[in-house]
Every structure is written in C-alpha cells, then in structure tokens.
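**Student:** My questions all concern the structure below.
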Amino acid sequence: MAEIQTNGRAYESLLEKVLSMNILSSDYFKELYGLKTYHEVIDEIYNQVNHVEPWMGGNCRGPSTAYCLLYKFFTMKLTVKQMHGLLKHTDSPYIRAVGFLYLRYVADAKTLWTWYEPYIKDDEEFSPGSNGRMTTMGVYIRDLLLGLYYFDTLFPRIPVPVMRQIVSNLEKMNLPTKPSGSTGDMSRGSDDTARRPPSVKASLSVSFGQRAPHRASTRGSSPVRRPPPSGYDRNGGDEPQARSPRRSQSRDYYSDRDSDRQRDREREKDRERDGERDRERERDRYRERERDYGDDRRSRRDYESRGRRRDYDDDRSRHDRRSRSRSRSRSRSVQIEREPTPRRDSSNKEKAVTVNSNLAKLKDLYGDASSQKGDEGFGTRRDSSSEEVIKLGGSSWR
C-alpha cells in the first residue's frame with residue numbers, strides 16, 4: 001500500500017516537546033498499547049473524543065484524549081487508503097478532525113492543498129474546542145491551513161511559497177484568507193486558552209496519573225480565568241484600587257514565573273547535592289576496594305617472601321648436609337689410604353724375621369759354611385765376588 005508523502009520529520013518531533021512528553025507519560029496513552037489495528041483506534045475516537053484540543057480543560061492538567069489517539073496514529077504510519085477512510089468517515093466529525101490534524105503534522109506541505117481541497121467547503125458542524133463553540137468542517141480546515149498556532153500549540157511551519165499558493169487558491173474560490181479563530185487565537189496567551197498551562201514549566205509540573213475523561217462531564221465545570229473588573233477591591237471595599245487590573249495581572253504572572261524559577265533552582269541544587277553524594281559514595285567504595293586490594297597484595301607478598309625464605313633455608317640445609325657427608329667420605333678415604341703402609345712395613349719385617357730364623361735353623365742344622373773346606377759340602381760355594389751362597393734342594397737365599 002502507498003504511504004502518505006511526509007515532511008521527513010520523525011514522529012517524536014512532530015509535536016511540541018512538552019506536549020509529546022506529557023502524552024508519553026500519561027497512563028491513558030500507555031493503555032493504548034493494547035490497540036493494534038487502525039479500526040480499533042477509530043472505535044476509541046468514536047467512544048471517547050468530544051473535542052480536539054491538545055490539553056484537557058479544568059483541573060485535569062494533561063494531554064487530551066484526541067491528541068493521545070493522534071500520537072497513536074503517528075506510531076502506526078497510516079497509508080493513503082486509511083487516510084481517505086478517516087477523512088470520509090460518517091460516524092463522528094472528530095474522527096475526520098483527527099485525520100485532518102494528522103495531515104497537518106505529518107504530510108508534506110506541498111501536498112496539503114491536494115488533501116484539503118475536496119473538503120474546503122464542507123458544512124458539517126462540530127465543536128473543535130472544549131468551550132462548545134460550533135463551526136463547520138470547512139472553516140476548521142481553512143484555519144488549519146492559514147494558522148500557525150493551534151490552541152496555544154505550534155504547528156509545523158508551511159514554507160512561504162506554498163502558503164502564497166494556498167492563499168491564491170482560496171482567493172480564486174472566493175473564500176476568506178484569514179483565520180476565523182475556530183482553532184484558538186493567532187498568538188499564545190488568549191483568554192480562550194487561559195485554562196491551559198501558561199508556560200512550559202507549568203505544563204511539566206502537572207500530574208500524569210489521571211486518565212483523560214469524557215468531555216461531557218467537564219465541559220461546563222471549569223470557568224475561564226479572567227482578569228478582575230476595574231475598581232474591584234480584593235479586600236471587599238467599595239473604593240477602587242489605585243493600580244489597574246492589567247498591571248496586577250502582569251505582576252501576578254511575573255511573580256508566578258519567579259516562583260517557578262526559584263523552584264527550578266532549588267530542584268537543580270537538590271539534584272546536584274544528590275549527584276555529589278552519589279559520587280562521594282562511589283569514591284568511598286573505590287577507596288575501600290583499593291584498600292582491600294592493597295591488603296591482598298601485601299599478604300600475597302608476605303606469603304611469597306616466606307615461601308622463598310623457606311626454600312632458601314631448605315636449600316642451605318641440604319647443601320650443608322651434602323658438604324658434611326662429602327667431608328666425612330673424604331676423611332674416610334684418606335684414612336683408608338694411609339692405613340695400608342704400616343701394615344706393609346710390618347709384614348716386611350715379619351718376613352725378614354722369618355727368613356733370619358730360617359737361616360739360623362739351617363745353620364744350626366747343617367753347620368756354618370765358613371768353617372768347612374772350600375771343596376767339601378754339597379750345598380755351599382764361594383764365587384768370585386766373595387758372596388756366600390747356600391743351596392738347598394734348588395732353592396737359594398742371598
């Protein structure tokens with residue numbers, strides 16, 4: 001399906017920011033999440049809407065039912081066929097009025113005349129505002145095209161060349177080229193709209209916890225605030241006051257504005273103090289974490305240093321034990337090496353003693369060779385070197 005040619009703006013920025021915030025914060029708009037189809041929204045308009053002003057009147061400070069449903073249409077992005085169904089609907093003029101409002105906010109300014117021209121002389125009567133003032137649908141459409149303000153809210157601006165073309169088309173049709181006032185005054189702060197919030201701050205301070213009521217119960221219950229007549233004594237006296245009502249009203253307005261500013265400054269200071277307290281708590285938590293982390297690091301360093309000291313002591317003790325064992329082994333080896341020498345000497349001495357004793361026995365047994373003749377005896381002789389040799393059975397001793 002073909003979509004409507006739009007002006008390219010996001011639907012969040014089509015309405016004034018204050019009005020958009022109030023709509024999104026209202027409980028009634030949150031209930032509209034349950035409406036999923038185009039026809040369900042139309043049925044809700046038929047059942048609930050009795051005026052097409054942006055704000056509720058009376059003591060119910062909040063967005064109107066019509067504008068909550070209009071914002072619901074913004075989120076649905078209507079097609080061309082659906083828009084024709086709205087503009088030609090015969091059950092309620094407020095369904096048609098919401099359709100024309102949708103085009104004024106969403107459609108491209110160059111296409112507005114094409115949409116509005118078939119209905120520019122429509123004679124169906126209805127009351128756009130909550131004051132019961134009746135007008136025709138054609139007059140209402142002309143005011144939507146020619147006016148920049150709509151019940152103290154601001155419409156998207158139509159480019160000057162496009163506006164000139166619209167005025168020229170109205171002149172060709174012999175229709176008025178000035179707004180008739182069916183959508184409020186051409187500037188903000190008129191008497192007809194004095195019941196609505198006079199400023200952005202006042203509208204932001206309203207309560208959002210109320211559902212938009214049926215307008216039949218509140219239409220005549222909220223009188224319009226008007227300045228007191230000249231000569232009126234607030235204290236009940238008959239003498240007129242020295243100052244004019246206009247000056248009194250302006251002074252009250254500025255005093256309200258100053259009180260609003262003072263409240264805003266106090267709220268800002270409270271927010272700054274709360275933020276400072278939050279930052280201080282965050283810094284305390286950070287310092288506590290750092291302190292805990294430092295304690296953990298110190299305990300970890302102490303544990304590691306104790307572990308290294310134990311390892312060092314263990315290494316020293318093992319080294320000392322190995323050095324002592326090596327020294328004992330070396331002393332044993334030295335002793336073992338030194339002990340065999342005296343044993344060998346004693347064995348030699350014993351052998352020499354044994355030999356001498358054997359020689360003595362042989363001498364005793366066979367006699368001394370020196371006392372016998374040189375040629376006698378079978379066992380002895382003297383060689384050229386005068387060395388005495390004793391022979392016994394092939395063995396000899398020298």
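Residues are referred to by chain and number: the chain letter is A, B, ... according to the order shown in the structure tokens, the number counts from 1 in that chain, and ligands are numbered separately from 1 in the order shown.
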Would you kindly return, as a VMD selection string, each protein, DNA or RNA residue with an atom no farther than 10 Å from any atom of Glu44 in chain A, considering only C-alpha atoms and excluding same-chain residues fewer than 4 positions away?

**Tutor:** chain A and resid 32 35 39 to 40 48 to 49 65 to 66 69 95

**Student:** Only C-alpha atoms, please: the residues just picked out, written as an mmCIF file, in the first residue's frame.

**Tutor:**
data_model
loop_
_atom_site.group_PDB
_atom_site.id
_atom_site.type_symbol
_atom_site.label_atom_id
_atom_site.label_comp_id
_atom_site.auth_asym_id
_atom_site.auth_seq_id
_atom_site.Cartn_x
_atom_site.Cartn_y
_atom_site.Cartn_z
ATOM 1 C CA LEU A 32 -3.467 2.452 24.093
ATOM 2 C CA LEU A 35 -4.842 -1.240 20.395
ATOM 3 C CA HIS A 39 -10.126 0.207 13.227
ATOM 4 C CA GLU A 40 -9.632 -0.221 16.990
ATOM 5 C CA GLN A 48 -14.028 8.899 23.892
ATOM 6 C CA VAL A 49 -13.297 12.087 21.911
ATOM 7 C CA THR A 65 -7.743 12.055 24.596
ATOM 8 C CA ALA A 66 -7.769 13.255 20.973
ATOM 9 C CA LEU A 69 -5.016 8.900 19.874
ATOM 10 C CA ILE A 95 -12.711 11.077 13.512
#

**Student:** Could you pull the residues within 12 Å of Ala107 in chain A, counting only C-alpha atoms, minus those fewer than 3 positions along the same chain, as an NGL selection string?

**Tutor:** :A and (3-11 or 14 or 74 or 77-80 or 83 or 99-104 or 110-116 or 156-158)

**Student:** For the selection just defined, write its residues with N, CA and C atoms to a file, as a compact mmCIF listing (two decimals), in the first residue's frame.

**Tutor:**
# COMPACT_ATOMS: atom_id res chain seq x y z
N GLU A 3 2.17 4.80 0.95
CA GLU A 3 2.20 5.59 2.17
C GLU A 3 2.05 7.08 1.84
N ILE A 4 1.67 7.83 2.82
CA ILE A 4 1.49 9.27 2.66
C ILE A 4 2.85 9.94 2.52
N GLN A 5 2.95 10.87 1.58
CA GLN A 5 4.19 11.62 1.41
C GLN A 5 4.36 12.56 2.61
N THR A 6 5.41 12.31 3.39
CA THR A 6 5.59 13.04 4.65
C THR A 6 6.60 14.17 4.48
N ASN A 7 6.72 14.96 5.53
CA ASN A 7 7.68 16.06 5.54
C ASN A 7 9.08 15.62 5.97
N GLY A 8 9.26 14.33 6.28
CA GLY A 8 10.58 13.80 6.60
C GLY A 8 10.97 13.87 8.05
N ARG A 9 10.12 14.41 8.90
CA ARG A 9 10.45 14.53 10.32
C ARG A 9 10.03 13.27 11.06
N ALA A 10 10.79 12.91 12.10
CA ALA A 10 10.42 11.78 12.94
C ALA A 10 9.17 12.12 13.74
N TYR A 11 8.35 11.12 13.99
CA TYR A 11 7.08 11.40 14.67
C TYR A 11 7.29 11.88 16.10
N LEU A 14 7.25 15.76 15.92
CA LEU A 14 6.17 16.48 15.23
C LEU A 14 5.46 17.45 16.15
N PHE A 74 0.38 8.41 14.79
CA PHE A 74 1.76 8.71 14.38
C PHE A 74 2.61 7.45 14.39
N LYS A 77 1.82 4.98 11.29
CA LYS A 77 2.19 5.39 9.94
C LYS A 77 1.09 4.99 8.94
N LEU A 78 0.05 5.78 8.89
CA LEU A 78 -1.13 5.47 8.08
C LEU A 78 -0.81 5.51 6.58
N THR A 79 -1.55 4.71 5.84
CA THR A 79 -1.43 4.69 4.39
C THR A 79 -2.44 5.65 3.77
N VAL A 80 -2.33 5.79 2.43
CA VAL A 80 -3.24 6.69 1.72
C VAL A 80 -4.68 6.19 1.82
N MET A 83 -6.06 6.92 5.23
CA MET A 83 -6.34 8.34 5.42
C MET A 83 -7.65 8.75 4.73
N GLY A 99 -8.12 13.05 11.51
CA GLY A 99 -7.45 12.80 10.23
C GLY A 99 -6.83 14.06 9.64
N PHE A 100 -7.57 15.17 9.67
CA PHE A 100 -7.02 16.43 9.15
C PHE A 100 -5.83 16.91 9.99
N LEU A 101 -5.89 16.71 11.30
CA LEU A 101 -4.74 17.05 12.15
C LEU A 101 -3.53 16.20 11.80
N TYR A 102 -3.75 14.93 11.55
CA TYR A 102 -2.65 14.05 11.16
C TYR A 102 -1.95 14.57 9.91
N LEU A 103 -2.73 14.98 8.91
CA LEU A 103 -2.13 15.51 7.69
C LEU A 103 -1.38 16.81 7.95
N ARG A 104 -1.93 17.67 8.82
CA ARG A 104 -1.26 18.96 9.08
C ARG A 104 0.09 18.76 9.74
N LYS A 110 3.65 20.67 0.51
CA LYS A 110 3.25 20.84 -0.89
C LYS A 110 2.02 20.03 -1.25
N THR A 111 1.71 18.99 -0.44
CA THR A 111 0.56 18.13 -0.74
C THR A 111 -0.67 18.47 0.11
N LEU A 112 -0.57 19.45 1.00
CA LEU A 112 -1.69 19.75 1.89
C LEU A 112 -2.92 20.22 1.11
N TRP A 113 -2.71 21.09 0.14
CA TRP A 113 -3.86 21.59 -0.61
C TRP A 113 -4.56 20.47 -1.38
N THR A 114 -3.79 19.52 -1.89
CA THR A 114 -4.39 18.40 -2.61
C THR A 114 -5.28 17.58 -1.68
N TRP A 115 -4.86 17.40 -0.42
CA TRP A 115 -5.66 16.65 0.53
C TRP A 115 -6.89 17.45 1.00
N TYR A 116 -6.72 18.74 1.23
CA TYR A 116 -7.77 19.54 1.86
C TYR A 116 -8.80 20.10 0.88
N PRO A 156 3.74 22.76 12.54
CA PRO A 156 4.91 22.86 11.65
C PRO A 156 4.71 24.02 10.66
N ARG A 157 5.76 24.75 10.43
CA ARG A 157 5.66 25.96 9.59
C ARG A 157 5.56 25.56 8.12
N ILE A 158 4.63 26.21 7.41
CA ILE A 158 4.47 26.00 5.97
C ILE A 158 5.38 26.98 5.23

**Student:** Write out as an MDAnalysis selection string which residues come within 8 Å of Lys72 in chain A when counting only C-alpha atoms, dropping same-chain ones fewer than 3 positions away.

**Tutor:** chainID A and resid 29 32 41 68:69 75:76

**Student:** Excluding same-chain residues fewer than 2 positions from Leu86 in chain A, what lies within 10 Å of it counting only C-alpha atoms, as JSON, numbers by chain?

**Tutor:** {"A": [38, 42, 80, 81, 82, 83, 84, 88, 89, 90, 92, 93, 94, 95, 96, 97, 98, 99, 100]}

**Student:** Take the residues that were just selected and, keeping all heavy atoms, output them as a short mmCIF file (atom, residue, chain, number, x, y, z; two decimals), in the first residue's frame.

**Tutor:**
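Output below, filename part-v2.cif:
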data_model
loop_
_atom_site.label_atom_id
_atom_site.label_comp_id
_atom_site.auth_asym_id
_atom_site.auth_seq_id
_atom_site.Cartn_x
_atom_site.Cartn_y
_atom_site.Cartn_z
N TYR A 38 -5.91 -0.29 13.04
CA TYR A 38 -6.43 1.03 12.66
C TYR A 38 -7.90 1.17 13.08
O TYR A 38 -8.31 2.22 13.58
CB TYR A 38 -6.22 1.17 11.15
CG TYR A 38 -7.07 2.15 10.42
CD1 TYR A 38 -6.77 3.49 10.42
CD2 TYR A 38 -8.17 1.71 9.68
CE1 TYR A 38 -7.54 4.40 9.71
CE2 TYR A 38 -8.93 2.61 8.97
CZ TYR A 38 -8.62 3.95 8.99
OH TYR A 38 -9.38 4.83 8.28
N ILE A 42 -9.97 3.90 15.64
CA ILE A 42 -11.16 4.67 15.21
C ILE A 42 -12.31 4.47 16.19
O ILE A 42 -13.02 5.43 16.56
CB ILE A 42 -11.56 4.25 13.78
CG1 ILE A 42 -10.52 4.75 12.78
CG2 ILE A 42 -12.94 4.80 13.42
CD1 ILE A 42 -10.82 4.37 11.35
N VAL A 80 -2.33 5.79 2.43
CA VAL A 80 -3.24 6.69 1.72
C VAL A 80 -4.68 6.19 1.82
O VAL A 80 -5.62 6.97 2.04
CB VAL A 80 -2.80 6.80 0.24
CG1 VAL A 80 -3.82 7.61 -0.57
CG2 VAL A 80 -1.43 7.45 0.15
N LYS A 81 -4.87 4.90 1.70
CA LYS A 81 -6.22 4.34 1.79
C LYS A 81 -6.82 4.55 3.18
O LYS A 81 -8.00 4.92 3.32
CB LYS A 81 -6.16 2.85 1.46
CG LYS A 81 -7.51 2.16 1.47
CD LYS A 81 -7.38 0.70 1.09
CE LYS A 81 -8.75 -0.01 1.11
NZ LYS A 81 -8.64 -1.43 0.75
N GLN A 82 -6.03 4.33 4.20
CA GLN A 82 -6.52 4.54 5.56
C GLN A 82 -6.86 6.01 5.80
O GLN A 82 -7.84 6.33 6.49
CB GLN A 82 -5.48 4.06 6.57
CG GLN A 82 -5.30 2.55 6.60
CD GLN A 82 -4.14 2.12 7.47
OE1 GLN A 82 -3.24 2.91 7.78
NE2 GLN A 82 -4.15 0.85 7.88
N MET A 83 -6.06 6.92 5.23
CA MET A 83 -6.34 8.34 5.42
C MET A 83 -7.65 8.75 4.73
O MET A 83 -8.45 9.52 5.29
CB MET A 83 -5.17 9.17 4.88
CG MET A 83 -5.35 10.66 5.02
SD MET A 83 -5.76 11.18 6.71
CE MET A 83 -4.34 10.56 7.61
N HIS A 84 -7.90 8.23 3.53
CA HIS A 84 -9.18 8.53 2.88
C HIS A 84 -10.33 7.99 3.71
O HIS A 84 -11.40 8.62 3.79
CB HIS A 84 -9.19 7.92 1.47
CG HIS A 84 -8.42 8.71 0.47
ND1 HIS A 84 -8.72 10.02 0.15
CD2 HIS A 84 -7.35 8.38 -0.31
CE1 HIS A 84 -7.89 10.47 -0.78
NE2 HIS A 84 -7.04 9.49 -1.08
N LYS A 88 -13.33 10.58 5.15
CA LYS A 88 -14.70 10.38 4.66
C LYS A 88 -15.59 9.67 5.68
O LYS A 88 -16.71 9.26 5.32
CB LYS A 88 -14.66 9.56 3.37
CG LYS A 88 -13.95 10.27 2.22
CD LYS A 88 -13.88 9.38 0.99
CE LYS A 88 -13.14 10.08 -0.15
NZ LYS A 88 -13.06 9.22 -1.36
N HIS A 89 -15.13 9.51 6.90
CA HIS A 89 -15.90 8.76 7.90
C HIS A 89 -17.17 9.54 8.26
O HIS A 89 -17.15 10.76 8.44
CB HIS A 89 -15.05 8.53 9.15
CG HIS A 89 -15.38 7.26 9.86
ND1 HIS A 89 -16.52 7.11 10.62
CD2 HIS A 89 -14.73 6.07 9.91
CE1 HIS A 89 -16.54 5.89 11.11
NE2 HIS A 89 -15.47 5.22 10.70
N THR A 90 -18.26 8.81 8.38
CA THR A 90 -19.56 9.46 8.62
C THR A 90 -20.08 9.28 10.05
O THR A 90 -21.11 9.87 10.38
CB THR A 90 -20.60 8.88 7.64
OG1 THR A 90 -20.70 7.46 7.82
CG2 THR A 90 -20.22 9.19 6.20
N SER A 92 -18.54 10.09 13.08
CA SER A 92 -18.24 11.17 14.02
C SER A 92 -17.37 12.21 13.34
O SER A 92 -16.39 11.86 12.65
CB SER A 92 -17.52 10.62 15.26
OG SER A 92 -17.08 11.68 16.09
N PRO A 93 -17.67 13.50 13.51
CA PRO A 93 -16.80 14.54 12.93
C PRO A 93 -15.41 14.57 13.58
O PRO A 93 -14.46 15.04 12.95
CB PRO A 93 -17.57 15.84 13.18
CG PRO A 93 -18.46 15.54 14.33
CD PRO A 93 -18.82 14.09 14.21
N TYR A 94 -15.31 14.07 14.80
CA TYR A 94 -14.00 14.09 15.46
C TYR A 94 -13.04 13.08 14.85
O TYR A 94 -11.82 13.26 14.90
CB TYR A 94 -14.17 13.84 16.96
CG TYR A 94 -14.98 14.91 17.63
CD1 TYR A 94 -16.31 14.69 17.99
CD2 TYR A 94 -14.43 16.17 17.87
CE1 TYR A 94 -17.07 15.69 18.60
CE2 TYR A 94 -15.18 17.16 18.47
CZ TYR A 94 -16.49 16.92 18.83
OH TYR A 94 -17.23 17.92 19.42
N ILE A 95 -13.58 12.00 14.25
CA ILE A 95 -12.71 11.08 13.51
C ILE A 95 -12.11 11.80 12.31
O ILE A 95 -10.90 11.67 12.04
CB ILE A 95 -13.52 9.84 13.08
CG1 ILE A 95 -14.04 9.09 14.30
CG2 ILE A 95 -12.68 8.93 12.20
CD1 ILE A 95 -14.96 7.93 13.96
N ARG A 96 -12.92 12.57 11.61
CA ARG A 96 -12.43 13.35 10.46
C ARG A 96 -11.44 14.42 10.93
O ARG A 96 -10.41 14.66 10.28
CB ARG A 96 -13.59 13.98 9.73
CG ARG A 96 -14.63 13.00 9.23
CD ARG A 96 -15.76 13.71 8.54
NE ARG A 96 -15.29 14.38 7.33
CZ ARG A 96 -15.98 15.33 6.68
NH1 ARG A 96 -17.15 15.74 7.17
NH2 ARG A 96 -15.50 15.88 5.60
N ALA A 97 -11.73 15.09 12.04
CA ALA A 97 -10.85 16.16 12.53
C ALA A 97 -9.48 15.60 12.90
O ALA A 97 -8.45 16.23 12.62
CB ALA A 97 -11.50 16.84 13.73
N VAL A 98 -9.46 14.41 13.52
CA VAL A 98 -8.16 13.80 13.84
C VAL A 98 -7.40 13.47 12.56
O VAL A 98 -6.17 13.63 12.49
CB VAL A 98 -8.38 12.54 14.71
CG1 VAL A 98 -7.08 11.76 14.85
CG2 VAL A 98 -8.92 12.91 16.07
N GLY A 99 -8.12 13.05 11.51
CA GLY A 99 -7.45 12.80 10.23
C GLY A 99 -6.83 14.06 9.64
O GLY A 99 -5.70 14.04 9.14
N PHE A 100 -7.57 15.17 9.67
CA PHE A 100 -7.02 16.43 9.15
C PHE A 100 -5.83 16.91 9.99
O PHE A 100 -4.86 17.46 9.46
CB PHE A 100 -8.11 17.51 9.10
CG PHE A 100 -9.14 17.29 8.02
CD1 PHE A 100 -10.48 17.10 8.34
CD2 PHE A 100 -8.76 17.26 6.69
CE1 PHE A 100 -11.43 16.89 7.35
CE2 PHE A 100 -9.70 17.06 5.68
CZ PHE A 100 -11.04 16.87 6.02
#

**Student:** Could you check the closest approach to Lys36 in chain A for each of A:Phe126, A:Tyr119, A:Tyr105, A:Phe73 and tell me which residue wins, using only C-alpha atoms?

**Tutor:**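 Under the stated criterion, the closest residue is A:Phe73.
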
**Student:** Please provide the set of residues having any atom within 9 Å of Tyr150 in chain A, restricted to only C-alpha atoms, with same-chain residues fewer than 4 positions apart removed, written as a PDB file with C-alpha atoms, in the first residue's frame.

**Tutor:**
ATOM      1  CA  GLU A  53      -7.795  20.493  21.748  1.00  0.00           C
ATOM      2  CA  PRO A  54      -4.255  19.419  22.740  1.00  0.00           C
ATOM      3  CA  ASP A 143      -7.864  27.595   9.918  1.00  0.00           C
ATOM      4  CA  LEU A 144      -5.544  24.571   9.921  1.00  0.00           C
ATOM      5  CA  LEU A 154       2.641  25.344  17.450  1.00  0.00           C
ATOM      6  CA  PHE A 155       2.051  23.777  14.027  1.00  0.00           C
ATOM      7  CA  THR A 183      -8.697  26.862  16.475  1.00  0.00           C
ATOM      8  CA  GLY A 184      -7.837  29.484  19.067  1.00  0.00           C
ATOM      9  CA  ASP A 185      -6.155  32.843  18.823  1.00  0.00           C
ATOM     10  CA  MET A 186      -3.356  33.555  16.373  1.00  0.00           C
TER      11      MET A 186
END
